[in-house]
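S.K.: Here it is, the structure, as structure tokens.
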Amino acid sequence: MTVPTIGVGILGCGPVTQAIHLPTLDRFSETFHVARVMDVDPDVAKAVAGHAGSAWTTSADELIADADVQVVVICSPNQFHAEQVIAACRAGKKAVLAEKPLAVSREEAQEIARVSAETGVPIVVGAMHTFDPGWLAATENWADLIEKTHTIRYSIVLPPNPRFEDFATEILPRVERTWPQQSAADRAAGMMFGNIMGLAIHDLPLVRMFCPDFRDIELLSAQTLSPGGYLVNLRIGDRSVQLYGHSTQSWRPEWRFEAIADDQSLLVDFPNSYVHAGSAVATFRNGDESRTFGPYAANGYEAEWQYMADLVAGTAEPLDLQVLIDDLVFALTIADVATAEVRQNAEKTEVSA
Ligand SMILES: NC(=O)c1ccc[n+]([C@@H]2O[C@H](COP(=O)([O-])OP(=O)(O)OC[C@H]3O[C@@H](n4cnc5c(N)ncnc54)[C@H](O)[C@@H]3O)[C@@H](O)[C@H]2O)c1
């Protein structure tokens with residue numbers, strides 16, 4: 001007798017669905033099938049359903065009401081995440097996987113926490129590095145590094161996403177975006193907030209683990225970088241934290257997390273988003289000694305979907321929602337202070353010009 005596979009419903013069929021989740025779900029075809037996909041654009045929904053061999057719709061309500069959809073994946077633009085997470089929880093689905101960020105405000109986060117507690121539906125955030133086997137090996141081997149760390153550096157250098165999306169898989173042609181005319185201050189503020197909540201947010205949960213006093217945040221400096229990026233220096237409790245992200249055309253992508261103490265350090269090199277090429281590599285250094293973990297065969301996306309399978313099977317514990325909310329509030333606080341700083345600096349420059 002064949003065991004029925006778990007039906008997955010996907011809200012939003014853009015590059016992340018096409019280049020990340022569908023190829024990963026393909027590798028889990030003994031566990032999951034894509035039951036239905038939804039996009040507000042019917043052409044996109046229909047084309048992606050053709051690849052996935054699923055039904056399609058332009059209505060989120062219809063997808064959520066589909067009895068064959070047991071797990072809902074939210075890959076819509078960020079501003080829709082909270083309402084769609086809440087609707088999937090209210091429909092009593094087995095689990096919800098929301099792409100990062102879980103929500104875009106503290107109020108939305110609190111509402112998600114309330115509804116998840118009320119309905120008991122487990123929520124997972126698509127922060128794939130937190131599932132990455134290389135990172136998990138680091139968590140099992142860092143002994144007293146968290147207590148001893150004084151400096152955290154988290155840097156991302158990458159070509160613009162479309163290059164990775166194109167390498168990752170065949171995806172539908174992208175719709176060209178047009179940007180409204182903006183003042184320099186609005187542009188700087190938009191870039192900083194978007195970069196922290198869209199890019200840095202991937203590993204801010206990792207940074208937070210190394211900051212026991214994570215609510216005590218002081219901004220030291222914040223700059224936007226040309227053509228796109230950010231450099232933010234913070235004091236968090238007694239830790240120095242540097243966040244650097246730069247989107248360039250150069251071909252030396254880097255995605256790196258470092259925790260540094262006087263006598264030891266951890267360096268984790270992650271594969272870029274979209275890249276299905278094994279796990280991160282974690283290296284501990286202590287004096288002249290070094291120990292390396294990884295790369296392992298599974299990447300963070302596969303580990304994330306394995307966790308979803310275990311969650312539905314009841315063999316994995318749900319994530320602590322308070323941790324996910326604290327991660328989101330941590331990211332929002334950093335985004336808010338850094339955004340205010342670059343806005344103020346740009347306004348001062350405009351006045352003096
Ligand atoms: N985990 C990762 O590695 C990773 C990488 C990049 C982006 N992301 C996240 O994944 C999500 C999707 O990213 P993307 O680049 O595919 O986004 P996108 O904005 O390019 O595409 C989203 C799709 O959603 C559709 N859409 C618009 N409104 C909708 C609605 N109300 N309901 C459902 N669909 C709607 C759009 O038509 C589009 O096809 C974002 O939240 C982003 O932050 C994750």
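Naming scheme: A, B, ... for chains in displayed order of the structure tokens; residues 1 onward per chain; ligands 1 onward as shown.
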Using only C-alpha atoms and all ligand atoms, find each residue with an atom at most 7 Å away from ligand 1 and format the answer as a PyMOL selection string.
M.R.: chain A and resi 11-17+38-41+44+60+75-78+80+99-101+126-128+198+273-274
S.K.: Excluding Asp326 in chain A and its own-chain neighbours fewer than 5 positions away, which residues fall within 10 Å of it when counting only C-alpha atoms? Please give them as number ranges by chain.
M.R.: A: 106, 109, 205, 208, 214-215, 321, 331-332
S.K.: Store the residues picked out above in a file with C-alpha atoms, as a compact mmCIF listing (two decimals), in the first residue's frame.
M.R.:
# COMPACT_ATOMS: atom_id res chain seq x y z
CA ARG A 106 5.75 44.26 16.00
CA ALA A 109 4.18 39.59 15.20
CA PRO A 205 18.90 35.05 14.47
CA ARG A 208 21.20 37.27 18.38
CA PHE A 214 19.97 41.37 22.74
CA ARG A 215 17.48 44.05 23.80
CA LEU A 321 7.33 30.96 18.65
CA ALA A 331 15.77 42.69 13.28
CA LEU A 332 13.11 45.43 13.30
S.K.: From a backbone DSSP assignment, name each residue in range 291-350 of chain A labelled alpha helix (DSSP H), as JSON, numbers by chain.
M.R.: {"A": [300, 301, 302, 303, 304, 305, 306, 307, 308, 309, 310, 311, 312, 313, 321, 322, 323, 324, 325, 326, 327, 328, 329, 330, 331, 332, 333, 334, 335, 336, 337, 338, 339, 340, 341, 342, 343, 344, 345, 346, 347, 348, 349, 350]}
S.K.: Restricting the output to N, CA and C atoms, write the selected residues as a short mmCIF file (atom, residue, chain, number, x, y, z; two decimals), in the first residue's frame.
M.R.:
data_model
loop_
_atom_site.label_atom_id
_atom_site.label_comp_id
_atom_site.auth_asym_id
_atom_site.auth_seq_id
_atom_site.Cartn_x
_atom_site.Cartn_y
_atom_site.Cartn_z
N GLY A 300 20.75 24.02 3.49
CA GLY A 300 19.80 24.54 4.48
C GLY A 300 18.35 24.38 4.06
N TYR A 301 18.07 24.49 2.75
CA TYR A 301 16.68 24.36 2.28
C TYR A 301 16.20 22.92 2.46
N GLU A 302 17.09 21.97 2.15
CA GLU A 302 16.70 20.56 2.33
C GLU A 302 16.49 20.26 3.81
N ALA A 303 17.37 20.79 4.64
CA ALA A 303 17.23 20.55 6.08
C ALA A 303 15.92 21.17 6.59
N GLU A 304 15.58 22.33 6.03
CA GLU A 304 14.33 23.02 6.41
C GLU A 304 13.12 22.12 6.06
N TRP A 305 13.14 21.55 4.85
CA TRP A 305 12.02 20.69 4.42
C TRP A 305 12.01 19.36 5.15
N GLN A 306 13.20 18.85 5.53
CA GLN A 306 13.23 17.63 6.35
C GLN A 306 12.57 17.92 7.70
N TYR A 307 12.87 19.11 8.22
CA TYR A 307 12.25 19.50 9.50
C TYR A 307 10.72 19.60 9.33
N MET A 308 10.26 20.17 8.21
CA MET A 308 8.80 20.26 7.96
C MET A 308 8.20 18.85 7.96
N ALA A 309 8.88 17.91 7.29
CA ALA A 309 8.37 16.52 7.22
C ALA A 309 8.29 15.94 8.63
N ASP A 310 9.34 16.15 9.43
CA ASP A 310 9.36 15.60 10.79
C ASP A 310 8.28 16.25 11.67
N LEU A 311 8.09 17.54 11.43
CA LEU A 311 7.07 18.28 12.19
C LEU A 311 5.68 17.70 11.93
N VAL A 312 5.38 17.48 10.66
CA VAL A 312 4.05 16.94 10.29
C VAL A 312 3.91 15.51 10.81
N ALA A 313 5.02 14.76 10.78
CA ALA A 313 4.97 13.37 11.26
C ALA A 313 4.91 13.31 12.79
N LEU A 321 7.75 29.76 19.38
CA LEU A 321 7.33 30.96 18.65
C LEU A 321 7.93 32.23 19.24
N GLN A 322 8.16 32.22 20.57
CA GLN A 322 8.74 33.41 21.20
C GLN A 322 10.14 33.69 20.62
N VAL A 323 10.86 32.62 20.28
CA VAL A 323 12.19 32.80 19.67
C VAL A 323 12.04 33.48 18.31
N LEU A 324 11.04 33.04 17.53
CA LEU A 324 10.82 33.64 16.19
C LEU A 324 10.41 35.10 16.32
N ILE A 325 9.57 35.38 17.34
CA ILE A 325 9.13 36.77 17.54
C ILE A 325 10.31 37.63 18.01
N ASP A 326 11.10 37.10 18.93
CA ASP A 326 12.28 37.86 19.40
C ASP A 326 13.24 38.11 18.24
N ASP A 327 13.41 37.12 17.35
CA ASP A 327 14.27 37.32 16.17
C ASP A 327 13.74 38.47 15.32
N LEU A 328 12.42 38.49 15.13
CA LEU A 328 11.83 39.53 14.27
C LEU A 328 11.97 40.92 14.92
N VAL A 329 11.68 40.99 16.22
CA VAL A 329 11.77 42.29 16.90
C VAL A 329 13.22 42.78 16.93
N PHE A 330 14.17 41.88 17.10
CA PHE A 330 15.60 42.21 17.06
C PHE A 330 15.94 42.83 15.71
N ALA A 331 15.49 42.18 14.63
CA ALA A 331 15.77 42.69 13.28
C ALA A 331 15.09 44.04 13.06
N LEU A 332 13.84 44.16 13.50
CA LEU A 332 13.11 45.43 13.30
C LEU A 332 13.78 46.57 14.07
N THR A 333 14.27 46.27 15.27
CA THR A 333 14.92 47.32 16.08
C THR A 333 16.19 47.82 15.38
N ILE A 334 16.99 46.86 14.87
CA ILE A 334 18.22 47.25 14.16
C ILE A 334 17.86 48.02 12.89
N ALA A 335 16.86 47.51 12.16
CA ALA A 335 16.45 48.20 10.92
C ALA A 335 15.97 49.61 11.23
N ASP A 336 15.20 49.77 12.30
CA ASP A 336 14.65 51.09 12.64
C ASP A 336 15.76 52.09 13.00
N VAL A 337 16.71 51.67 13.87
CA VAL A 337 17.73 52.65 14.29
C VAL A 337 18.67 52.99 13.13
N ALA A 338 19.00 51.98 12.32
CA ALA A 338 19.92 52.24 11.20
C ALA A 338 19.23 53.10 10.13
N THR A 339 17.95 52.86 9.92
CA THR A 339 17.20 53.64 8.93
C THR A 339 17.08 55.09 9.38
N ALA A 340 16.78 55.31 10.67
CA ALA A 340 16.66 56.68 11.18
C ALA A 340 17.98 57.43 10.99
N GLU A 341 19.09 56.73 11.24
CA GLU A 341 20.41 57.37 11.13
C GLU A 341 20.71 57.79 9.68
N VAL A 342 20.49 56.89 8.73
CA VAL A 342 20.86 57.26 7.35
C VAL A 342 19.90 58.32 6.82
N ARG A 343 18.64 58.29 7.28
CA ARG A 343 17.70 59.33 6.85
C ARG A 343 18.17 60.69 7.36
N GLN A 344 18.52 60.72 8.65
CA GLN A 344 18.96 62.00 9.25
C GLN A 344 20.21 62.53 8.54
N ASN A 345 21.16 61.65 8.28
CA ASN A 345 22.40 62.08 7.62
C ASN A 345 22.12 62.59 6.21
N ALA A 346 21.22 61.90 5.48
CA ALA A 346 20.90 62.33 4.11
C ALA A 346 20.17 63.68 4.15
N GLU A 347 19.31 63.88 5.15
CA GLU A 347 18.59 65.15 5.24
C GLU A 347 19.55 66.30 5.54
N LYS A 348 20.54 66.03 6.43
CA LYS A 348 21.54 67.06 6.75
C LYS A 348 22.32 67.44 5.49
N THR A 349 22.70 66.43 4.70
CA THR A 349 23.47 66.69 3.47
C THR A 349 22.62 67.50 2.50
N GLU A 350 21.31 67.17 2.41
CA GLU A 350 20.43 67.91 1.49
C GLU A 350 20.33 69.38 1.89
#
S.K.: I'd like the neighbourhood of Ile152 in chain A as a ChimeraX atom specification, where a residue qualifies if any of its atoms comes within 12 Å (using only C-alpha atoms), though same-chain residues fewer than 5 positions away should be ignored.
M.R.: /A:145-146,203-204,206-211,232-236,238-244,256-261,265-268
S.K.: Given the selection you just returned, output its residues as a file containing C-alpha atoms, formatted as a short mmCIF file (atom, residue, chain, number, x, y, z; two decimals), in the first residue's frame.
M.R.:
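Contents of the output file part25.cif:
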data_model
loop_
_atom_site.label_atom_id
_atom_site.label_comp_id
_atom_site.auth_asym_id
_atom_site.auth_seq_id
_atom_site.Cartn_x
_atom_site.Cartn_y
_atom_site.Cartn_z
CA LEU A 145 32.35 30.59 22.85
CA ILE A 146 29.05 32.47 23.35
CA ASP A 203 21.44 35.54 9.88
CA LEU A 204 20.30 38.04 12.52
CA LEU A 206 22.49 33.73 14.54
CA VAL A 207 23.85 37.11 15.64
CA ARG A 208 21.20 37.27 18.38
CA MET A 209 22.31 33.90 19.79
CA PHE A 210 25.71 35.48 20.43
CA CYS A 211 24.20 38.55 22.12
CA VAL A 232 26.14 49.06 10.34
CA ASN A 233 28.12 49.06 13.58
CA LEU A 234 26.35 48.34 16.83
CA ARG A 235 27.02 47.75 20.49
CA ILE A 236 24.67 45.03 21.70
CA ASP A 238 28.86 44.22 25.77
CA ARG A 239 29.37 42.89 22.20
CA SER A 240 30.62 44.76 19.13
CA VAL A 241 28.56 43.80 16.10
CA GLN A 242 29.32 44.69 12.50
CA LEU A 243 26.79 44.02 9.73
CA TYR A 244 28.04 44.43 6.18
CA ARG A 256 30.17 34.76 6.32
CA PHE A 257 29.43 34.78 10.05
CA GLU A 258 32.24 35.27 12.56
CA ALA A 259 32.25 35.18 16.35
CA ILE A 260 35.53 36.29 17.88
CA ALA A 261 36.82 35.89 21.45
CA SER A 265 36.88 32.12 17.09
CA LEU A 266 34.22 30.60 14.87
CA LEU A 267 33.96 31.33 11.16
CA VAL A 268 31.02 30.00 9.16
#
S.K.: Report, in Å to a single decimal, how far apart CA of Leu225 in chain A and CA of Met191 in chain A are.
M.R.: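 CA of Leu225 in chain A lies at a distance of 9.2 Å from CA of Met191 in chain A.
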S.K.: How many Å lie between CA of Ala280 in chain A and CA of Gly194 in chain A, rounded to one decimal?
M.R.: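 Calculated distance between CA of Ala280 in chain A and CA of Gly194 in chain A is 25.0 Å.
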S.K.: Which residue gives the smallest distance to Ile86 in chain A among A:Thr283, A:Gln110, A:Gln182, A:Asn195, with only C-alpha atoms counted?
M.R.: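 Checking each candidate against Ile86 in chain A, we get A:Gln110 as the closest.
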S.K.: Range 41-246 of chain A: which residues are strand (DSSP E or B) by DSSP, as a PyMOL selection string?
M.R.: chain A and resi 55-57+71-74+95-98+123-125+151-158+217-224+229-236+239-246
S.K.: Pull C-alpha atoms from the residues just selected and write them as a PDB file, in the first residue's frame.
M.R.:
ATOM      1  CA  ALA A  55      -3.708  22.812  -9.392  1.00  0.00           C
ATOM      2  CA  TRP A  56      -3.525  26.614  -9.382  1.00  0.00           C
ATOM      3  CA  THR A  57      -5.578  29.606  -8.305  1.00  0.00           C
ATOM      4  CA  VAL A  71       1.064  22.588   4.713  1.00  0.00           C
ATOM      5  CA  VAL A  72       1.030  26.211   3.523  1.00  0.00           C
ATOM      6  CA  VAL A  73       4.209  27.912   2.279  1.00  0.00           C
ATOM      7  CA  ILE A  74       4.191  31.690   2.116  1.00  0.00           C
ATOM      8  CA  ALA A  95       2.178  23.537   9.606  1.00  0.00           C
ATOM      9  CA  VAL A  96       3.009  26.881   8.003  1.00  0.00           C
ATOM     10  CA  LEU A  97       6.369  27.752   6.447  1.00  0.00           C
ATOM     11  CA  ALA A  98       6.659  31.521   6.072  1.00  0.00           C
ATOM     12  CA  ILE A 123       5.039  28.041  12.332  1.00  0.00           C
ATOM     13  CA  VAL A 124       8.454  27.820  10.706  1.00  0.00           C
ATOM     14  CA  VAL A 125      10.367  30.793   9.282  1.00  0.00           C
ATOM     15  CA  THR A 151      32.954  40.732  18.450  1.00  0.00           C
ATOM     16  CA  ILE A 152      30.518  39.469  15.832  1.00  0.00           C
ATOM     17  CA  ARG A 153      30.994  40.161  12.149  1.00  0.00           C
ATOM     18  CA  TYR A 154      28.400  39.194   9.619  1.00  0.00           C
ATOM     19  CA  SER A 155      29.175  39.987   6.014  1.00  0.00           C
ATOM     20  CA  ILE A 156      27.492  39.270   2.713  1.00  0.00           C
ATOM     21  CA  VAL A 157      29.002  40.140  -0.662  1.00  0.00           C
ATOM     22  CA  LEU A 158      26.887  39.027  -3.557  1.00  0.00           C
ATOM     23  CA  ILE A 217      21.082  47.881  21.283  1.00  0.00           C
ATOM     24  CA  GLU A 218      23.128  51.024  20.637  1.00  0.00           C
ATOM     25  CA  LEU A 219      23.792  52.167  17.086  1.00  0.00           C
ATOM     26  CA  LEU A 220      27.365  53.382  16.571  1.00  0.00           C
ATOM     27  CA  SER A 221      27.170  54.102  12.838  1.00  0.00           C
ATOM     28  CA  ALA A 222      25.124  53.256   9.759  1.00  0.00           C
ATOM     29  CA  GLN A 223      25.830  53.896   6.074  1.00  0.00           C
ATOM     30  CA  THR A 224      24.332  52.803   2.808  1.00  0.00           C
ATOM     31  CA  GLY A 229      24.316  47.721   0.496  1.00  0.00           C
ATOM     32  CA  TYR A 230      24.828  48.665   4.128  1.00  0.00           C
ATOM     33  CA  LEU A 231      27.484  48.934   6.802  1.00  0.00           C
ATOM     34  CA  VAL A 232      26.136  49.057  10.343  1.00  0.00           C
ATOM     35  CA  ASN A 233      28.123  49.061  13.581  1.00  0.00           C
ATOM     36  CA  LEU A 234      26.354  48.343  16.831  1.00  0.00           C
ATOM     37  CA  ARG A 235      27.025  47.747  20.488  1.00  0.00           C
ATOM     38  CA  ILE A 236      24.669  45.033  21.700  1.00  0.00           C
ATOM     39  CA  ARG A 239      29.365  42.894  22.204  1.00  0.00           C
ATOM     40  CA  SER A 240      30.619  44.760  19.126  1.00  0.00           C
ATOM     41  CA  VAL A 241      28.557  43.802  16.098  1.00  0.00           C
ATOM     42  CA  GLN A 242      29.317  44.686  12.501  1.00  0.00           C
ATOM     43  CA  LEU A 243      26.790  44.023   9.728  1.00  0.00           C
ATOM     44  CA  TYR A 244      28.040  44.435   6.182  1.00  0.00           C
ATOM     45  CA  GLY A 245      26.183  43.635   2.995  1.00  0.00           C
ATOM     46  CA  HIS A 246      27.228  44.698  -0.484  1.00  0.00           C
TER      47      HIS A 246
END
S.K.: Just the residues within 9 Å of His276 in chain A, please, counting only C-alpha atoms, with nothing from its chain fewer than 5 positions along; format it as a list in words.
M.R.: Ile20, Pro23, Thr24, Ala168, Pro271, Ala298, Asn299, Gly300, Tyr301 and Glu302 of chain A
S.K.: Find the residue from A:Asp43, A:Val104, A:Gly134, A:Val8 that sits nearest to Phe28 in chain A; use only C-alpha atoms when measuring.
M.R.: A:Val8
S.K.: Tell me which of A:Glu83, A:Glu147, A:Glu118, A:Asp262 sits closest to Arg285 in chain A, counting only C-alpha atoms.
M.R.: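 Of A:Glu83, A:Glu147, A:Glu118, A:Asp262, the one nearest Arg285 in chain A, counting only C-alpha atoms, is A:Asp262.
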